[in-house]
Every structure is written in C-alpha cells, then in structure tokens.
$ cat structure-v2.cif   # mmCIF, C-alpha atoms
data_entry
loop_
_atom_site.label_atom_id
_atom_site.label_comp_id
_atom_site.auth_asym_id
_atom_site.auth_seq_id
_atom_site.Cartn_x
_atom_site.Cartn_y
_atom_site.Cartn_z
CA MET K 1 0.00 0.00 0.00
CA THR K 2 2.70 2.42 1.05
CA LYS K 3 4.70 1.42 -1.97
CA ARG K 4 1.89 2.31 -4.39
CA ILE K 5 1.44 5.79 -3.00
CA SER K 6 5.14 6.55 -3.03
CA GLY K 7 5.28 5.35 -6.63
CA GLN K 8 2.50 7.66 -7.83
CA ALA K 9 3.27 10.76 -5.80
CA PRO K 10 6.14 12.08 -7.94
CA VAL K 11 4.01 11.75 -11.07
CA ALA K 12 1.13 13.61 -9.44
CA VAL K 13 3.49 16.34 -8.24
CA ALA K 14 5.04 16.63 -11.69
CA VAL K 15 1.64 16.90 -13.38
CA PHE K 16 0.56 19.46 -10.82
CA LEU K 17 3.70 21.54 -11.34
CA ILE K 18 3.30 21.42 -15.12
CA LEU K 19 -0.30 22.60 -14.78
CA ILE K 20 0.77 25.46 -12.51
CA ALA K 21 3.54 26.43 -14.92
CA ALA K 22 1.12 26.37 -17.85
CA LEU K 23 -1.30 28.53 -15.90
CA VAL K 24 1.42 31.04 -15.02
CA VAL K 25 2.53 31.21 -18.65
CA ALA K 26 -1.06 31.61 -19.83
CA VAL K 27 -1.78 34.38 -17.34
CA PHE K 28 1.50 36.08 -18.20
CA PHE K 29 0.77 36.09 -21.93
CA LYS K 30 -2.78 37.20 -21.42
CA PHE K 31 -1.53 40.04 -19.26
CA GLN K 32 1.16 41.02 -21.74
CA ARG K 33 -1.25 40.97 -24.63
CA THR K 34 -3.85 42.92 -22.68
CA ASN K 35 -1.40 45.69 -21.92
CA VAL K 36 -0.12 45.87 -25.48
CA ASP K 37 -3.74 46.09 -26.64
CA LEU K 38 -4.56 48.73 -24.08
CA ALA K 39 -1.59 50.83 -25.12
CA LYS K 40 -2.97 50.80 -28.68
CA VAL K 41 -6.41 52.11 -27.81
CA VAL K 42 -5.44 55.10 -25.66
CA ASP K 43 -3.42 58.22 -26.31
CA PRO K 44 -0.33 58.05 -24.03
CA ALA K 45 -0.61 61.81 -23.47
CA VAL K 46 -3.93 61.10 -21.73
CA LEU K 47 -3.32 57.69 -20.17
CA ARG K 48 0.07 56.02 -20.18
CA ILE K 49 -0.38 52.25 -19.87
CA MET K 50 2.34 50.75 -17.68
CA PRO K 51 4.42 48.15 -19.53
CA GLN K 52 4.69 46.33 -16.20
CA PRO K 53 1.60 46.76 -14.01
CA ILE K 54 2.50 47.27 -10.33
CA PRO K 55 0.39 45.80 -7.52
CA VAL K 56 -0.47 48.42 -4.89
CA PRO K 57 1.24 47.36 -1.65
CA ASP K 58 -0.99 47.02 1.38
CA ALA K 59 -0.71 49.71 4.06
CA GLN K 60 -2.55 50.62 7.23
CA LEU K 61 -4.34 53.85 6.40
CA THR K 62 -7.49 55.41 7.86
CA ARG K 63 -10.45 56.61 5.88
CA MET K 64 -12.08 59.98 6.59
CA ASP K 65 -14.94 58.20 8.40
CA GLY K 66 -12.44 56.54 10.76
CA GLN K 67 -12.57 53.09 9.15
CA PRO K 68 -9.36 51.30 8.16
CA PHE K 69 -8.25 51.77 4.58
CA GLY K 70 -5.83 49.50 2.72
CA LYS K 71 -5.29 47.43 -0.36
CA LYS K 72 -8.61 45.62 0.03
CA ASN K 73 -10.41 48.94 -0.44
CA LEU K 74 -8.86 49.13 -3.90
CA SER K 75 -10.14 45.68 -4.85
CA GLY K 76 -13.28 44.93 -6.84
CA LYS K 77 -13.53 48.30 -8.57
CA TRP K 78 -11.50 50.46 -10.88
CA THR K 79 -9.93 53.31 -8.92
CA PHE K 80 -8.73 56.76 -9.88
CA LEU K 81 -6.03 57.19 -7.23
CA TYR K 82 -4.49 60.55 -6.42
CA PHE K 83 -2.01 61.58 -3.72
CA GLY K 84 -1.97 65.16 -2.43
CA TYR K 85 -2.90 67.27 0.60
CA THR K 86 -5.81 69.49 1.48
CA LEU K 87 -3.82 72.69 2.06
CA CYS K 88 -2.30 72.36 -1.40
CA PRO K 89 -2.86 75.80 -2.95
CA ASP K 90 -3.36 75.06 -6.61
CA VAL K 91 -2.41 71.68 -7.98
CA CYS K 92 -4.61 69.42 -5.85
CA PRO K 93 -7.72 71.59 -6.31
CA THR K 94 -7.05 71.54 -10.05
CA GLU K 95 -6.69 67.74 -10.10
CA LEU K 96 -9.70 67.15 -7.86
CA THR K 97 -11.79 69.47 -10.02
CA ALA K 98 -10.74 67.35 -13.00
CA LEU K 99 -11.59 64.12 -11.12
CA ALA K 100 -14.99 65.49 -10.12
CA GLU K 101 -15.66 66.29 -13.75
CA VAL K 102 -14.59 62.78 -14.83
CA ALA K 103 -17.07 61.47 -12.26
CA ASP K 104 -19.83 63.66 -13.70
CA ILE K 105 -19.09 62.48 -17.22
CA LEU K 106 -19.07 58.79 -16.22
CA ARG K 107 -22.31 59.19 -14.24
CA GLY K 108 -23.83 60.93 -17.26
CA LYS K 109 -22.96 57.90 -19.34
CA ASN K 110 -24.48 55.65 -16.69
CA VAL K 111 -21.14 54.07 -15.88
CA GLN K 112 -21.77 54.06 -12.18
CA SER K 113 -20.91 51.00 -10.25
CA ARG K 114 -17.49 49.80 -11.28
CA TRP K 115 -15.28 52.71 -10.33
CA GLN K 116 -14.33 54.94 -7.40
CA GLN K 117 -12.08 57.92 -6.78
CA VAL K 118 -9.62 57.94 -3.90
CA PHE K 119 -7.64 60.88 -2.55
CA VAL K 120 -4.76 59.86 -0.29
CA SER K 121 -3.35 62.72 1.78
CA VAL K 122 0.41 62.73 2.29
CA ASP K 123 -0.02 65.32 5.06
CA PRO K 124 -1.25 63.31 8.07
CA GLU K 125 -0.01 66.04 10.44
CA ARG K 126 -2.67 68.48 9.31
CA ASP K 127 -5.22 66.39 7.44
CA THR K 128 -7.54 65.21 10.15
CA PRO K 129 -10.50 63.01 9.12
CA ASP K 130 -12.78 66.05 9.41
CA GLN K 131 -10.52 68.23 7.28
CA LEU K 132 -10.27 65.45 4.66
CA ALA K 133 -14.03 65.07 4.51
CA ARG K 134 -14.64 68.81 4.13
CA PHE K 135 -12.00 69.06 1.43
CA VAL K 136 -13.08 66.21 -0.85
CA SER K 137 -16.79 66.90 -0.47
CA TYR K 138 -16.16 70.44 -1.74
CA PHE K 139 -15.35 68.82 -5.09
CA ASP K 140 -17.57 65.74 -5.20
CA PRO K 141 -19.60 63.99 -2.49
CA LYS K 142 -18.38 60.54 -3.57
CA ILE K 143 -14.61 61.01 -3.45
CA ILE K 144 -13.07 58.84 -0.73
CA ALA K 145 -10.21 60.33 1.28
CA ALA K 146 -7.69 58.50 3.46
CA THR K 147 -4.37 59.10 5.13
CA GLY K 148 -2.05 57.43 7.62
CA PRO K 149 1.36 57.61 9.26
CA ASP K 150 4.12 58.73 6.91
CA ALA K 151 5.78 55.29 6.98
CA GLU K 152 2.55 53.57 5.94
CA LEU K 153 1.96 56.13 3.20
CA ARG K 154 5.43 55.49 1.82
CA ILE K 155 4.87 51.72 1.90
CA MET K 156 1.90 52.17 -0.40
CA ALA K 157 3.17 55.04 -2.54
CA GLN K 158 6.85 54.45 -3.26
CA PRO K 159 6.55 51.20 -5.26
CA ILE K 160 3.85 52.77 -7.43
CA GLY K 161 6.02 55.78 -8.23
CA VAL K 162 4.47 58.42 -6.01
CA GLY K 163 6.71 60.72 -3.96
CA TRP K 164 6.57 63.95 -1.97
CA GLU K 165 8.71 66.29 0.13
CA LYS K 166 7.97 69.24 2.39
CA ALA K 167 8.89 72.74 1.23
CA ALA K 168 8.89 75.99 3.22
CA LEU K 169 5.93 78.31 2.80
CA PRO K 170 6.90 81.99 2.72
CA THR K 171 5.81 84.17 5.63
CA ALA K 172 5.81 87.92 6.22
CA ASN K 173 9.34 89.16 7.08
CA ASP K 174 10.53 85.56 6.92
CA ALA K 175 8.87 84.97 10.28
CA PRO K 176 9.02 81.36 11.42
CA SER K 177 5.84 79.46 10.75
CA SER K 178 4.41 76.01 11.11
CA SER K 179 3.10 76.32 7.56
CA TYR K 180 4.63 74.34 4.75
CA LEU K 181 3.88 73.24 1.25
CA ILE K 182 4.44 69.74 -0.08
CA ASN K 183 5.95 69.11 -3.48
CA HIS K 184 4.38 65.96 -4.77
CA THR K 185 3.59 63.73 -7.71
CA THR K 186 0.71 65.11 -9.75
CA SER K 187 -0.23 62.06 -11.80
CA ILE K 188 -3.55 60.31 -11.28
CA LEU K 189 -3.14 56.52 -11.19
CA LEU K 190 -5.57 54.08 -12.75
CA VAL K 191 -5.85 51.03 -10.52
CA SER K 192 -7.53 47.87 -11.81
CA PRO K 193 -10.05 45.89 -9.72
CA ASP K 194 -7.24 43.56 -8.59
CA ALA K 195 -5.54 46.55 -6.89
CA THR K 196 -2.85 46.88 -9.54
CA VAL K 197 -1.69 50.13 -11.11
CA VAL K 198 -2.18 49.63 -14.84
CA GLY K 199 -1.90 53.19 -16.07
CA VAL K 200 -1.06 56.79 -15.23
CA PHE K 201 -2.95 59.90 -16.27
CA PRO K 202 -0.18 62.51 -16.64
CA THR K 203 -0.82 66.27 -16.33
CA PRO K 204 -2.48 68.27 -17.74
CA HIS K 205 -5.70 66.43 -16.98
CA ASN K 206 -8.50 66.83 -19.50
CA PRO K 207 -11.61 65.22 -17.96
CA GLU K 208 -13.30 64.44 -21.30
CA ALA K 209 -10.20 62.70 -22.60
CA MET K 210 -9.69 60.88 -19.28
CA ALA K 211 -13.23 59.54 -19.23
CA LYS K 212 -12.88 58.41 -22.83
CA ALA K 213 -9.58 56.63 -22.10
CA TYR K 214 -11.07 55.02 -18.99
CA LEU K 215 -14.00 53.67 -21.00
CA ALA K 216 -11.70 52.42 -23.75
CA VAL K 217 -9.59 50.52 -21.23
CA THR K 218 -12.34 49.10 -19.04
CA ARG K 219 -14.95 48.18 -21.66
CA GLU K 220 -14.05 44.78 -23.00
CA MET V 21 0.34 125.74 -26.98
CA ARG V 22 -2.06 125.55 -24.13
CA LYS V 23 -4.02 122.88 -25.99
CA LEU V 24 -0.87 120.93 -26.59
CA LEU V 25 0.04 121.02 -22.90
CA LEU V 26 -3.42 119.93 -21.97
CA ALA V 27 -3.19 117.08 -24.45
CA ALA V 28 0.19 116.09 -23.03
CA ALA V 29 -1.18 116.21 -19.49
CA LEU V 30 -4.07 114.00 -20.51
CA LEU V 31 -1.88 111.59 -22.40
CA ALA V 32 0.74 111.19 -19.69
CA PRO V 33 -1.28 108.95 -17.40
CA LEU V 34 -2.64 107.09 -20.40
CA SER V 35 0.77 106.25 -21.69
CA ALA V 36 1.78 104.87 -18.31
CA LEU V 37 -1.35 102.70 -18.27
CA ALA V 38 -0.84 101.64 -21.83
CA GLU V 39 2.33 99.77 -20.87
CA ILE V 40 0.40 96.61 -20.20
CA LYS V 41 -3.12 95.34 -20.62
CA VAL V 42 -4.57 92.64 -18.39
CA VAL V 43 -7.03 90.20 -19.91
CA GLU V 44 -9.38 87.81 -18.11
CA PRO V 45 -8.09 88.00 -14.54
CA TRP V 46 -9.51 85.43 -12.11
CA ILE V 47 -8.91 83.79 -8.75
CA PRO V 48 -10.21 80.24 -8.25
CA GLU V 49 -12.44 79.86 -5.22
CA ALA V 50 -10.55 77.78 -2.67
CA PRO V 51 -11.74 74.69 -0.82
CA PRO V 52 -12.49 75.06 2.92
CA ASN V 53 -9.50 75.91 5.12
CA ALA V 54 -7.19 76.69 2.20
CA GLN V 55 -4.06 78.50 3.35
CA ALA V 56 -3.29 80.04 -0.02
CA MET V 57 -4.98 81.06 -3.23
CA ALA V 58 -3.68 82.15 -6.61
CA ALA V 59 -4.47 84.88 -9.12
CA PHE V 60 -4.35 84.20 -12.85
CA MET V 61 -4.53 86.54 -15.84
CA SER V 62 -3.03 87.22 -19.19
CA ILE V 63 -0.72 90.26 -19.24
CA GLU V 64 -0.20 91.83 -22.64
CA ASN V 65 2.62 94.20 -23.53
CA ASP V 66 2.36 96.54 -26.53
CA GLU V 67 5.75 98.12 -25.93
CA ASP V 68 8.90 97.20 -27.81
CA ARG V 69 10.70 96.42 -24.57
CA PRO V 70 10.00 93.85 -21.85
CA VAL V 71 7.79 94.91 -18.94
CA LYS V 72 8.51 93.48 -15.52
CA VAL V 73 6.00 92.96 -12.73
CA VAL V 74 8.19 93.02 -9.63
CA ASN V 75 5.58 92.84 -6.89
CA ALA V 76 1.88 92.42 -6.23
CA HIS V 77 -0.55 93.32 -3.44
CA ALA V 78 -4.06 92.26 -2.54
CA PRO V 79 -6.18 92.88 0.57
CA GLY V 80 -7.06 89.86 2.70
CA PHE V 81 -3.80 87.95 2.36
CA LYS V 82 -0.73 87.97 4.58
CA VAL V 83 1.99 87.48 1.96
CA ILE V 84 1.97 87.79 -1.80
CA GLU V 85 4.59 86.34 -4.07
CA LEU V 86 5.21 85.84 -7.76
CA HIS V 87 5.48 82.15 -8.51
CA LYS V 88 5.86 79.61 -11.22
CA SER V 89 4.64 76.03 -10.93
CA VAL V 90 6.88 73.51 -12.59
CA GLU V 91 6.85 69.78 -12.92
CA GLU V 92 10.11 67.90 -12.61
CA ASN V 93 10.03 64.12 -13.10
CA GLY V 94 6.30 64.15 -12.45
CA MET V 95 6.77 66.05 -9.16
CA HIS V 96 5.08 69.41 -8.79
CA LYS V 97 7.07 72.34 -7.34
CA MET V 98 6.55 76.06 -6.97
CA LEU V 99 9.44 78.38 -7.69
CA LYS V 100 9.50 81.96 -6.43
CA GLN V 101 10.10 84.48 -9.21
CA GLU V 102 11.93 87.80 -8.77
CA ALA V 103 9.73 89.25 -11.50
CA LEU V 104 7.15 88.26 -14.06
CA VAL V 105 8.61 89.33 -17.38
CA VAL V 106 6.19 90.18 -20.16
CA PRO V 107 8.10 90.02 -23.47
CA PRO V 108 8.10 92.99 -25.90
CA MET V 109 5.02 93.02 -28.14
CA GLY V 110 3.93 89.82 -26.44
CA SER V 111 2.06 88.43 -23.50
CA LEU V 112 2.58 86.35 -20.38
CA GLU V 113 -0.04 83.82 -19.37
CA LEU V 114 -0.62 83.38 -15.66
CA ARG V 115 -2.54 80.10 -15.43
CA PRO V 116 -2.83 76.94 -13.30
CA GLY V 117 0.32 74.86 -13.60
CA SER V 118 2.45 77.84 -14.67
CA TYR V 119 3.04 81.45 -13.62
CA HIS V 120 0.73 82.84 -10.94
CA ILE V 121 0.43 85.41 -8.21
CA MET V 122 0.44 83.43 -4.99
CA LEU V 123 -1.87 84.81 -2.30
CA ILE V 124 -0.65 83.31 0.95
CA GLY V 125 -2.33 83.37 4.34
CA VAL V 126 -6.02 83.70 3.48
CA GLN V 127 -7.78 85.91 6.04
CA ASP V 128 -11.44 86.03 7.04
CA PRO V 129 -13.87 86.64 5.50
CA ARG V 130 -12.67 84.04 3.03
CA PRO V 131 -13.15 85.00 -0.62
CA LYS V 132 -16.06 83.26 -2.33
CA ALA V 133 -17.10 82.96 -5.96
CA GLY V 134 -18.68 86.27 -6.93
CA ASP V 135 -16.29 88.42 -4.87
CA VAL V 136 -13.94 90.81 -6.63
CA ILE V 137 -10.44 91.36 -5.25
CA PRO V 138 -8.35 94.37 -6.30
CA VAL V 139 -4.93 92.93 -7.16
CA ARG V 140 -2.26 95.60 -7.57
CA LEU V 141 0.64 94.92 -9.90
CA ASP V 142 3.82 96.93 -9.30
CA LEU V 143 5.93 97.39 -12.40
CA GLU V 144 9.68 97.83 -12.37
CA ASP V 145 9.38 101.52 -13.37
CA GLY V 146 7.16 102.26 -10.37
CA THR V 147 3.85 102.15 -12.21
CA GLN V 148 1.07 100.51 -10.24
CA ILE V 149 -1.87 98.86 -11.95
CA THR V 150 -4.91 97.66 -10.03
CA VAL V 151 -6.72 94.74 -11.57
CA GLN V 152 -10.27 94.03 -10.38
CA THR V 153 -10.04 90.27 -10.16
CA PRO V 154 -13.20 88.16 -9.79
CA VAL V 155 -13.23 84.99 -7.69
CA LYS V 156 -14.70 82.16 -9.76
CA LYS V 157 -15.48 78.48 -9.38
CA ARG V 158 -12.48 76.56 -10.60
CA ALA V 159 -14.59 74.07 -12.56
CA ASP V 160 -16.24 76.82 -14.60
CA MET V 161 -12.92 78.30 -15.69
CA MET V 162 -11.32 74.92 -16.36
CA GLN V 163 -14.15 73.91 -18.67
CA ARG V 164 -13.83 77.22 -20.46
CA MET V 165 -10.08 76.81 -20.90
CA GLN V 166 -10.47 73.27 -22.22
CA LYS V 167 -13.01 74.45 -24.76
CA MET V 168 -10.60 77.14 -25.86
CA GLN V 169 -7.76 74.64 -26.18
CA GLY V 170 -9.97 72.33 -28.18
CA HIS V 171 -10.34 74.89 -30.97
#
$ encode --input "structure-v2.cif" --output "structure tokens"
Amino acid sequence: MTKRISGQAPVAVAVFLILIAALVVAVFFKFQRTNVDLAKVVDPAVLRIMPQPIPVPDAQLTRMDGQPFGKKNLSGKWTFLYFGYTLCPDVCPTELTALAEVADILRGKNVQSRWQQVFVSVDPERDTPDQLARFVSYFDPKIIAATGPDAELRIMAQPIGVGWEKAALPTANDAPSSSYLINHTTSILLVSPDATVVGVFPTPHNPEAMAKAYLAVTRE
Amino acid sequence: MRKLLLAAALLAPLSALAEIKVVEPWIPEAPPNAQAMAAFMSIENDEDRPVKVVNAHAPGFKVIELHKSVEENGMHKMLKQEALVVPPMGSLELRPGSYHIMLIGVQDPRPKAGDVIPVRLDLEDGTQITVQTPVKKRADMMQRMQKMQGH
C-alpha cells in the first residue's frame, strides 16, 4: 500500500507543477497581450499604460470616516487614485476638479458601479479626518479620502512611483511658521479591480479625454 | 500751446497705463481651510521692450509672491520668481500649472465665488496697476479653458 502511494506521488506532483507552470505562462501572456492592446487604444498623453503593471502594496491607512483603509479597499472596482494634501494651494484643487468632472461624465454615461475615486493625503499632520471630509466633499460627495502615518503612506506610494517632500511656505518678514507646502507627484493613477496600477494619467488632466480613455480601457 | 500742454497732461497717465493690458483675470475659489490662493490673468505688452512685474498686493492675504509652478520628473514644485517678465510686443499667461500670483495666508472673510479682489501689480518703473479680479469656481474656468484649447 505504502509502496503504491510513493510510486505515484512524484508523477502527481510533476503533473501538478506542469499545470501550474502552464497557468502562469497563460496568465502572463494574457496580461502582456492585454497591456499591449490597451496601449494601442489610448493616447499616451492622456493615459500612459504601464508596460509592467504594479500591484499596490498594502498599508494601514485610515479613511475619513475613521474606518481602516488598505489594499482591500482598492479591490473589486477600478480606482482613480491621487495623492496630495488638502492645504495644497493650486495643484490638488485643479486635479480634484478634474476628477470630479470625470465622475460627472461617467455618471452621465451611466457608468456608475465599477469605479471609485480615492484621494490619499500625504499630510497626516494636518489632514484630520474632518478636514479630509470637508475638502473632498467640496469637489464631489463621492470622493473617498484617506491618510495614515508617513511610513505607511510610503509603503503604499513608493513602489507605485508616487513621492513627496515638504517645502517651506513663505511668511511675512521671513517669520518662522508652522506652515509648509508639499511638493508631490501630480499624476492620477488608474488602478484595476485587482488593486494593480495599470496606467497613469499625466498632467495636464483633461476630464473628457480621461473619461474616454477610462472607458476604452475598461470596456471589454 | 495751451491745448498741446493739456493734451500732453491728458496723455501722460494714459501712456503709463498703456504699458500693459490685463485680460481675463480670475482667482479660483478655494476649498475650505485653504491657506493660499492664486491669481491668474493674461498680461499683454504693446511696448517694444519687456515689462517686468516686480511685486503684487491684494487685501485679505498675509503674503503675496510671484510664482511659477513647474513639474520635474512628475513632481510638482513652486518656484519663487523675482519678477514676471512680459516680453516685448507679447504676453505672459498666468494660469494653473504655470506662472501665478500666490496669495498666501487667506484671512477672514474668506473669498467666495462672486467676490472681486483688487490685485495691484507693481511694475519695475514704479507704475502701479490695479486689476479688479473676480473669484470664480475653478470648474467653470477649467471647462472654459479646455473648450478654448480644443479649438
């Protein structure tokens, strides 16, 4: 009895491994082909498809309503993901205005359920949940905002190519101040429902063109 | 002779004003708690020499600076400018993502869409020009600019 099992086990393992390998190869080629196809249907000035999609690393962030926010919140839906901060004088309001307009366009086309927009603040010192909520709802009531400790933010952001650094904000007579600006990445990332960054919307952001590119990529 | 002097007296202030013309000034309304705002406009110069804006003032803000937004390797930065230089027989566009007048330290009452803020431009030669600058919803102006770019 023992002999029979030991005789068949290596064969079973080998078959299993071959199946796994075939699956990996199949998935790889499907993925490759998909991205090549995607790159053909969208203008790279509007949406640059990543040659190598990057999974969003998990991190322990907190949503504006106090609930935990991490990789699982990016699963199951397409996500327009943007990193910024609420006291950002010009760039973030410009990008969030563009995102709100993309949302309006998609809603107008009845493309409602399969996407979300997420604003991650890289300024946890000043962006309290209340401040985050007031800021995003100024642009669109559906935008989700989250933030977390700097280390957690970097865990999520660095591998997907998002960075930031503090910069001094001028004050009268060069008086010391707790105010600062943050230089940061301005791209909006397109994250697929398996929480993987598949494309980047570079600036300047034209909402009509963004919505069109999004529909081209997500409609099969 | 008297007529000529009168004409000269009338023309003098006009010629100083004629140095630059400001077209479509606006300030985007800011989200709640914003610490800074920005003024945008197109400055046109009919002279055959460059005109420099070396300073700006506006009531309701603590500090005002001349800035340029730039993007380096996908990272947004703001660079302080010593002056905004309007080229001879040309124009300088102050717009989101480029040159702007940075209005820092927003004071109460916070400007809302519909308000008009007098923004004073100080030129290098000492001329001061006050531009009545309306506060507008950002979305309205962005849509307008996109339509203009599309044609």
$ interface_residues --input "structure-v2.cif" --of "chain K" --to "chain V" --cutoff "6 Å" --atoms "only C-alpha atoms" --output "PyMOL selection string"
chain K and resi 87+89+97+172+183-185
$ resolve_selection --input "structure-v2.cif" --expression "the PyMOL selection byres ((chain K and resi 148-151) around 12)" --output "count of residues only"
35
$ residues_around --input "structure-v2.cif" --residues "V:Arg115" --least-positions-apart "6" --cutoff "12 Å" --atoms "all atoms listed in the file" --output "compact mmCIF listing (two decimals) with C-alpha atoms, in the frame of the given file"
# COMPACT_ATOMS: atom_id res chain seq x y z
CA ASP K 90 -3.36 75.06 -6.61
CA VAL K 91 -2.41 71.68 -7.98
CA THR K 94 -7.05 71.54 -10.05
CA VAL V 43 -7.03 90.20 -19.91
CA GLU V 44 -9.38 87.81 -18.11
CA PRO V 45 -8.09 88.00 -14.54
CA TRP V 46 -9.51 85.43 -12.11
CA ILE V 47 -8.91 83.79 -8.75
CA PRO V 48 -10.21 80.24 -8.25
CA ALA V 58 -3.68 82.15 -6.61
CA ALA V 59 -4.47 84.88 -9.12
CA PHE V 60 -4.35 84.20 -12.85
CA MET V 61 -4.53 86.54 -15.84
CA SER V 62 -3.03 87.22 -19.19
CA ILE V 63 -0.72 90.26 -19.24
CA HIS V 87 5.48 82.15 -8.51
CA LYS V 88 5.86 79.61 -11.22
CA SER V 89 4.64 76.03 -10.93
CA VAL V 90 6.88 73.51 -12.59
CA ILE V 121 0.43 85.41 -8.21
CA MET V 122 0.44 83.43 -4.99
CA ARG V 158 -12.48 76.56 -10.60
CA MET V 161 -12.92 78.30 -15.69
CA MET V 162 -11.32 74.92 -16.36
CA MET V 165 -10.08 76.81 -20.90
$ closest_residue --input "structure-v2.cif" --among "K:Phe201, K:Tyr180, K:Phe16, K:Trp78" --to "K:Asp43" --atoms "only C-alpha atoms"
K:Phe201
$ resolve_selection --input "structure-v2.cif" --expression "the PyMOL selection byres ((chain K and resi 48) around 10)" --output "PyMOL selection string"
chain K and resi 38-39+42-47+49-51+189-190+198-202+213
$ atom_distance --input "structure-v2.cif" --atom1 "atom CA of K:Asp194" --atom2 "atom CA of K:Phe139"
26.8 Å
$ atom_distance --input "structure-v2.cif" --atom1 "atom CA of V:Gly110" --atom2 "atom CA of V:His77"
23.7 Å
$ atom_distance --input "structure-v2.cif" --atom1 "atom CA of V:Leu104" --atom2 "atom CA of V:Tyr119"
8.0 Å
$ resolve_selection --input "structure-v2.cif" --expression "the PyMOL selection byres ((chain V and resi 134) around 6)" --output "ChimeraX atom specification"
/V:133,135,155
